[in-house]
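Student: Sharing a structure below in structure tokens format, with a few things to ask.
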Amino acid sequence: MTEHGGDIYGFSARMGIPRNEVIDFSTSVNPLGTPRSVIVEIRQNLKNLIHYPDTNAHNLTKELARLCGIDPDSILCGNGCTELIYLVPQAMHFRGVLIVQPTFRDYERACRIAYPECFVADYMVQSDQTFDIDPQILIDRAVGSRIDAVILCNPNNPTGRLLERDGLLAVAQALNTHGIYLVVDESFIDFTNTQSITRAVSANSHLIVLRSMTKFYALAGLRLGFGIFPIPIAKKIREYKEPWSTNTLAQAAGIAALNDKGYRDHTAKIMTRQKAFLEKGFRRLGIEFTPSAANYYLMSTPHARIFIEKLARKGIIIRDCSNFKGLDYRYLRVAVKSARHNRFLLECLEGCIG
């Protein structure tokens with residue numbers, strides 16, 4: 001499980017375990033599952049499948065604009081955040097990028113697909129510094145390089161580390177001064193206590209913020225994300241975007257999810273409780289982990305391969321992080337799941353160690 005997490009189909013076939021018996025810790029999706037309000041809305045909209053989707057997702061965009069306090073013309077919805085990750089370098093013609101590593105591999109892939117000769121530089125955050133970004137070092141690296149853009153994930157995948165809002169805005173302002181774009185992937189920001197920097201986009205001509213609704217609202221199979229762009233950039237990206245990529249059910253689901261305050265509040269409580277439970281368990285078992293602001297943990301153990309193999313026999317998938325730049329065979333990522341599943345994970349890990 002090294003390309004992406006979540007391949008329950010291949011895992012089920014390889015291990016001979018029915019899909020409904022697989023426990024997937026490799027994808028960081030809300031353990032509460034899809035909100036009931038969303039399920040109801042999807043059912044009500046099944047009758048609309050005969051029609052093409054609204055190409056511009058007007059109703060969803062309007063709701064996002066209202067809730068985020070931003071201009072609807074700056075919003076672009078997509079087939080998950082991933083569609084926008086690939087669209088941005090294609091539309092912006094990036095010839096050089098600086099990527100904060102270790103992080104999601106598709107940032108670099110998207111840039112190289114858009115422009116095969118793209119110059120890619122890395123700012124490698126260090127494990128002995130808890131994988132934290134130093135804003136000034138990032139600014140200095142960017143300004144001193146032949147790049148068009150900096151790409152970072154906040155909180156970062158797979159480390160779970162968060163660059164606090166003030167530090168991130170300082171980076172955005174400095175890069176704007178030098179005409180360098182900052183692309184911030186906030187796919188997991190809803191799991192944190194930190195506000196998104198979406199409202200800063202209107203005052204910064206070089207800031208792009210990408211958001212996902214698939215993780216927090218458990219819509220991974222439906223695919224839904226959105227981006228906030230300076231309005232001229234939003235217009236430019238629309239020229240490259242495929243029509244109908246945000247389907248009718250996804251648009252309806254997004255509106256319902258955004259208005260489900262009870263689900264958000266319940267998620268916050270569950271995350272606080274279950275993260276504390278997992279961290280206590282990791283410490284008891286002597287497993288090294290990186291403190292996380294998100295709904296997943298990066299673990300480090302010389303026995304990672306043994307963990308992967310033994311847990312697989314129990315029907316558990318965890319994320320092998322050896323293909324992330326700056327990480328190796330020792331690193332694993334596990335999601336925060338339900339109390340029952342988290343307890344089972346710790347029991348199985350104890351069995352691996354014993």
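All residue names refer to the structure tokens as shown: chains lettered A, B, ... in order, residues numbered from 1 in each chain, ligands numbered from 1 in order.
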Contacts of Gln101 in chain A at 10 Å or less, counting only C-alpha atoms, minus same-chain residues fewer than 2 places along, as an MDAnalysis selection string?

Tutor: chainID A and resid 98:99 103:105 121:126 131 133 151:153 156:159 324:327

Student: Could those residues be written to a file, using C-alpha atoms, as a short mmCIF file (atom, residue, chain, number, x, y, z; two decimals), in the first residue's frame?

Tutor:
data_model
loop_
_atom_site.label_atom_id
_atom_site.label_comp_id
_atom_site.auth_asym_id
_atom_site.auth_seq_id
_atom_site.Cartn_x
_atom_site.Cartn_y
_atom_site.Cartn_z
CA LEU A 98 9.43 24.22 -4.41
CA ILE A 99 7.59 21.46 -2.53
CA THR A 103 4.25 15.21 1.50
CA PHE A 104 1.60 14.00 -0.95
CA ARG A 105 3.43 12.67 -4.02
CA ALA A 121 13.15 21.68 -5.62
CA ASP A 122 12.46 20.28 -2.15
CA TYR A 123 12.39 21.85 1.29
CA MET A 124 12.90 18.78 3.47
CA VAL A 125 11.56 19.21 6.98
CA GLN A 126 13.44 17.11 9.52
CA PHE A 131 8.81 17.71 10.82
CA ILE A 133 8.26 24.10 8.78
CA ILE A 151 3.38 23.93 -2.74
CA LEU A 152 2.64 22.76 0.77
CA CYS A 153 0.01 20.76 2.65
CA ASN A 156 0.74 18.09 6.25
CA ASN A 157 0.17 14.60 4.92
CA PRO A 158 1.65 12.28 6.22
CA THR A 159 3.20 14.02 9.25
CA PHE A 324 7.35 9.62 0.67
CA LYS A 325 10.46 11.72 0.07
CA GLY A 326 12.53 11.91 3.23
CA LEU A 327 10.95 8.81 4.79
#

Student: Excluding Asn259 in chain A and residues on its chain fewer than 4 positions from it, collect all residues at most 12 Å away from it, counting only C-alpha atoms, and give them as a ChimeraX atom specification.

Tutor: /A:35-38,41,60,63-64,66-67,217,252-255,263-265

Student: As a PyMOL selection string, list the residues of range 130-199 of chain A assigned to strand (DSSP E or B) by DSSP on the backbone atoms of this structure.

Tutor: chain A and resi 149-153+181-185

Student: Print the selection's residues with C-alpha atoms to a file, as a PDB file, in the first residue's frame.

Tutor:
ATOM      1  CA  ALA A 149       5.427  28.460  -6.924  1.00  0.00           C
ATOM      2  CA  VAL A 150       5.674  26.875  -3.502  1.00  0.00           C
ATOM      3  CA  ILE A 151       3.383  23.933  -2.741  1.00  0.00           C
ATOM      4  CA  LEU A 152       2.643  22.763   0.772  1.00  0.00           C
ATOM      5  CA  CYS A 153       0.013  20.764   2.646  1.00  0.00           C
ATOM      6  CA  TYR A 181       2.658  31.667  -5.974  1.00  0.00           C
ATOM      7  CA  LEU A 182       1.827  29.801  -2.793  1.00  0.00           C
ATOM      8  CA  VAL A 183      -0.445  26.772  -3.248  1.00  0.00           C
ATOM      9  CA  VAL A 184      -1.768  25.530   0.092  1.00  0.00           C
ATOM     10  CA  ASP A 185      -3.591  22.197   0.274  1.00  0.00           C
TER      11      ASP A 185
END

Student: Which residues are close to Thr290 in chain A, i.e. within 10 Å by only C-alpha atoms, leaving aside same-chain residues fewer than 3 positions away? Reply as a list in words.

Tutor: Ser127, Thr130, Phe131, Pro158, Thr159, Gly160, Arg161, Glu279, Ala293, Tyr296, Tyr297, Leu298, Met299, Ser300 and Arg333 of chain A

Student: Name all residues at most 12 Å from Lys236 in chain A (count only C-alpha atoms; drop same-chain ones fewer than 3 positions away) and give them as number ranges by chain.

Tutor: A: 73-74, 76, 87-93, 229-233, 239-241

Student: So that I have them on file, write out the residues from the current selection with N, CA and C atoms, as a PDB file, in the first residue's frame.

Tutor:
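again.pdb, written as the output of this step:
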ATOM      1  N   ASP A  73     -17.093  34.190  -7.136  1.00  0.00           N
ATOM      2  CA  ASP A  73     -16.303  34.124  -8.368  1.00  0.00           C
ATOM      3  C   ASP A  73     -14.890  33.603  -8.144  1.00  0.00           C
ATOM      4  N   SER A  74     -14.480  33.536  -6.874  1.00  0.00           N
ATOM      5  CA  SER A  74     -13.133  33.044  -6.559  1.00  0.00           C
ATOM      6  C   SER A  74     -13.113  31.546  -6.280  1.00  0.00           C
ATOM      7  N   LEU A  76     -13.891  27.502  -7.168  1.00  0.00           N
ATOM      8  CA  LEU A  76     -14.013  26.517  -8.237  1.00  0.00           C
ATOM      9  C   LEU A  76     -14.144  25.142  -7.590  1.00  0.00           C
ATOM     10  N   LEU A  87      -5.044  20.483 -12.027  1.00  0.00           N
ATOM     11  CA  LEU A  87      -5.417  21.608 -12.887  1.00  0.00           C
ATOM     12  C   LEU A  87      -4.522  22.824 -12.695  1.00  0.00           C
ATOM     13  N   VAL A  88      -4.144  23.096 -11.447  1.00  0.00           N
ATOM     14  CA  VAL A  88      -3.413  24.337 -11.156  1.00  0.00           C
ATOM     15  C   VAL A  88      -2.106  24.450 -11.934  1.00  0.00           C
ATOM     16  N   PRO A  89      -1.182  23.486 -11.868  1.00  0.00           N
ATOM     17  CA  PRO A  89       0.067  23.644 -12.629  1.00  0.00           C
ATOM     18  C   PRO A  89      -0.153  23.640 -14.133  1.00  0.00           C
ATOM     19  N   GLN A  90      -1.201  22.960 -14.589  1.00  0.00           N
ATOM     20  CA  GLN A  90      -1.496  22.951 -16.020  1.00  0.00           C
ATOM     21  C   GLN A  90      -1.918  24.332 -16.487  1.00  0.00           C
ATOM     22  N   ALA A  91      -2.805  24.969 -15.744  1.00  0.00           N
ATOM     23  CA  ALA A  91      -3.304  26.281 -16.130  1.00  0.00           C
ATOM     24  C   ALA A  91      -2.291  27.389 -15.874  1.00  0.00           C
ATOM     25  N   MET A  92      -1.500  27.235 -14.813  1.00  0.00           N
ATOM     26  CA  MET A  92      -0.567  28.297 -14.424  1.00  0.00           C
ATOM     27  C   MET A  92       0.787  28.174 -15.110  1.00  0.00           C
ATOM     28  N   HIS A  93       1.030  27.057 -15.800  1.00  0.00           N
ATOM     29  CA  HIS A  93       2.277  26.847 -16.543  1.00  0.00           C
ATOM     30  C   HIS A  93       3.514  26.990 -15.643  1.00  0.00           C
ATOM     31  N   PHE A 229      -9.330  30.988  -5.330  1.00  0.00           N
ATOM     32  CA  PHE A 229      -8.302  31.585  -6.169  1.00  0.00           C
ATOM     33  C   PHE A 229      -8.517  33.096  -6.287  1.00  0.00           C
ATOM     34  N   PRO A 230      -7.446  33.851  -6.511  1.00  0.00           N
ATOM     35  CA  PRO A 230      -7.662  35.217  -6.971  1.00  0.00           C
ATOM     36  C   PRO A 230      -8.538  35.151  -8.220  1.00  0.00           C
ATOM     37  N   ILE A 231      -9.487  36.052  -8.358  1.00  0.00           N
ATOM     38  CA  ILE A 231     -10.492  35.939  -9.422  1.00  0.00           C
ATOM     39  C   ILE A 231      -9.887  35.800 -10.822  1.00  0.00           C
ATOM     40  N   PRO A 232      -8.839  36.543 -11.189  1.00  0.00           N
ATOM     41  CA  PRO A 232      -8.253  36.337 -12.524  1.00  0.00           C
ATOM     42  C   PRO A 232      -7.725  34.913 -12.725  1.00  0.00           C
ATOM     43  N   ILE A 233      -7.178  34.314 -11.658  1.00  0.00           N
ATOM     44  CA  ILE A 233      -6.669  32.948 -11.758  1.00  0.00           C
ATOM     45  C   ILE A 233      -7.830  31.958 -11.865  1.00  0.00           C
ATOM     46  N   GLU A 239     -10.805  27.766 -17.843  1.00  0.00           N
ATOM     47  CA  GLU A 239     -10.566  27.495 -19.256  1.00  0.00           C
ATOM     48  C   GLU A 239      -9.996  26.092 -19.478  1.00  0.00           C
ATOM     49  N   TYR A 240      -9.377  25.513 -18.447  1.00  0.00           N
ATOM     50  CA  TYR A 240      -8.748  24.195 -18.557  1.00  0.00           C
ATOM     51  C   TYR A 240      -9.596  23.089 -17.952  1.00  0.00           C
ATOM     52  N   LYS A 241     -10.630  23.468 -17.240  1.00  0.00           N
ATOM     53  CA  LYS A 241     -11.399  22.488 -16.483  1.00  0.00           C
ATOM     54  C   LYS A 241     -12.379  21.724 -17.376  1.00  0.00           C
TER      55      LYS A 241
END

Student: Write out as JSON, numbers by chain all residues of range 54-289 of chain A that backbone DSSP assigns to alpha helix (DSSP H).

Tutor: {"A": [58, 59, 60, 61, 62, 63, 64, 65, 66, 67, 68, 80, 81, 82, 83, 84, 85, 86, 87, 88, 89, 90, 91, 92, 106, 107, 108, 109, 110, 111, 112, 113, 114, 135, 136, 137, 138, 139, 140, 141, 142, 143, 165, 166, 167, 168, 169, 170, 171, 172, 173, 174, 175, 176, 177, 231, 232, 233, 234, 235, 236, 237, 238, 248, 249, 250, 251, 252, 253, 254, 255, 256, 257, 258, 261, 262, 263, 264, 265, 266, 267, 268, 269, 270, 271, 272, 273, 274, 275, 276, 277, 278, 279, 280, 281, 282, 283, 284, 285]}

Student: Would you pick out the contacts of Leu332 in chain A at 12 Å or less, using only C-alpha atoms, so that residues sharing its chain but fewer than 3 positions from it are not included, and give the list as an NGL selection string?

Tutor: :A and (1-2 or 5 or 25-27 or 157-159 or 287-290 or 296-308 or 317-324 or 327-329 or 335)

Student: Mind writing the picked residues with N, CA and C atoms as a compact mmCIF listing (two decimals), in the first residue's frame?

Tutor:
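out_14.txt written:
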# COMPACT_ATOMS: atom_id res chain seq x y z
N MET A 1 0.85 -1.19 0.00
CA MET A 1 0.00 0.00 0.00
C MET A 1 0.89 1.24 0.00
N THR A 2 1.63 1.46 -1.13
CA THR A 2 2.61 2.54 -1.15
C THR A 2 2.25 3.68 -2.10
N GLY A 5 -3.36 5.35 -0.12
CA GLY A 5 -4.10 4.49 0.78
C GLY A 5 -5.45 4.14 0.18
N PHE A 25 -7.17 1.51 7.88
CA PHE A 25 -6.49 2.58 8.60
C PHE A 25 -5.57 3.37 7.66
N SER A 26 -5.56 3.02 6.39
CA SER A 26 -4.63 3.66 5.45
C SER A 26 -5.18 4.95 4.86
N THR A 27 -6.49 5.19 4.98
CA THR A 27 -7.08 6.43 4.50
C THR A 27 -7.65 7.21 5.67
N ASN A 157 0.33 16.04 5.10
CA ASN A 157 0.17 14.60 4.92
C ASN A 157 1.52 14.06 4.44
N PRO A 158 2.18 13.17 5.20
CA PRO A 158 1.65 12.28 6.22
C PRO A 158 2.00 12.64 7.66
N THR A 159 2.68 13.76 7.91
CA THR A 159 3.20 14.02 9.25
C THR A 159 2.14 14.52 10.23
N ILE A 287 5.81 2.83 20.90
CA ILE A 287 5.84 3.13 19.46
C ILE A 287 6.05 4.63 19.27
N GLU A 288 7.05 4.99 18.52
CA GLU A 288 7.31 6.40 18.25
C GLU A 288 6.28 6.94 17.26
N PHE A 289 5.76 8.14 17.55
CA PHE A 289 4.82 8.77 16.64
C PHE A 289 5.02 10.28 16.65
N THR A 290 4.60 10.92 15.58
CA THR A 290 4.71 12.36 15.47
C THR A 290 3.41 12.99 15.95
N TYR A 296 -4.78 11.57 11.72
CA TYR A 296 -3.90 10.45 11.41
C TYR A 296 -2.57 10.66 12.13
N TYR A 297 -1.79 9.58 12.23
CA TYR A 297 -0.50 9.64 12.89
C TYR A 297 0.58 8.99 12.03
N LEU A 298 1.73 9.63 12.00
CA LEU A 298 2.91 9.05 11.38
C LEU A 298 3.69 8.32 12.47
N MET A 299 3.88 7.01 12.30
CA MET A 299 4.60 6.21 13.27
C MET A 299 5.95 5.79 12.70
N SER A 300 6.89 5.55 13.58
CA SER A 300 8.21 5.10 13.16
C SER A 300 8.62 3.89 13.99
N THR A 301 8.97 2.80 13.29
CA THR A 301 9.40 1.59 13.97
C THR A 301 10.28 0.77 13.02
N PRO A 302 11.34 0.17 13.53
CA PRO A 302 12.15 -0.70 12.67
C PRO A 302 11.42 -1.96 12.26
N HIS A 303 10.27 -2.21 12.89
CA HIS A 303 9.50 -3.42 12.61
C HIS A 303 8.31 -3.12 11.69
N ALA A 304 8.38 -2.05 10.93
CA ALA A 304 7.24 -1.62 10.11
C ALA A 304 6.75 -2.71 9.17
N ARG A 305 7.68 -3.39 8.50
CA ARG A 305 7.26 -4.43 7.55
C ARG A 305 6.52 -5.56 8.25
N ILE A 306 6.98 -5.90 9.44
CA ILE A 306 6.32 -6.95 10.22
C ILE A 306 4.91 -6.50 10.60
N PHE A 307 4.79 -5.23 11.02
CA PHE A 307 3.47 -4.68 11.37
C PHE A 307 2.52 -4.78 10.18
N ILE A 308 3.00 -4.36 9.00
CA ILE A 308 2.15 -4.36 7.81
C ILE A 308 1.65 -5.77 7.51
N ILE A 317 -5.58 -2.64 7.07
CA ILE A 317 -4.66 -1.97 6.15
C ILE A 317 -4.09 -0.74 6.84
N ILE A 318 -2.76 -0.60 6.81
CA ILE A 318 -2.12 0.63 7.25
C ILE A 318 -1.26 1.15 6.10
N ARG A 319 -0.92 2.43 6.15
CA ARG A 319 -0.21 3.07 5.04
C ARG A 319 1.30 2.93 5.18
N ASP A 320 1.91 2.24 4.24
CA ASP A 320 3.37 2.17 4.15
C ASP A 320 3.85 3.50 3.58
N CYS A 321 4.65 4.24 4.35
CA CYS A 321 5.07 5.59 3.94
C CYS A 321 6.48 5.61 3.36
N SER A 322 7.00 4.46 2.96
CA SER A 322 8.39 4.41 2.49
C SER A 322 8.59 5.14 1.16
N ASN A 323 7.49 5.45 0.45
CA ASN A 323 7.67 6.14 -0.83
C ASN A 323 7.51 7.65 -0.72
N PHE A 324 7.33 8.17 0.48
CA PHE A 324 7.35 9.62 0.67
C PHE A 324 8.80 10.09 0.73
N LEU A 327 11.31 9.89 3.89
CA LEU A 327 10.95 8.81 4.79
C LEU A 327 11.51 7.50 4.24
N ASP A 328 11.47 6.46 5.07
CA ASP A 328 11.99 5.17 4.62
C ASP A 328 11.11 4.05 5.15
N TYR A 329 11.63 2.83 5.12
CA TYR A 329 10.84 1.64 5.45
C TYR A 329 10.30 1.65 6.87
N ALA A 335 -4.83 6.05 10.43
CA ALA A 335 -5.91 7.00 10.64
C ALA A 335 -6.49 6.85 12.05

Student: Can you measure CA of His206 in chain A to CA of Asp106 in chain A for me? One decimal in Å is fine.

Tutor: 21.1 Å

Student: Using only C-alpha atoms, which of A:Leu278, A:Leu249, A:Leu345, A:Leu222 sits nearest Val40 in chain A?

Tutor: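 The closest residue to Val40 in chain A is A:Leu249.
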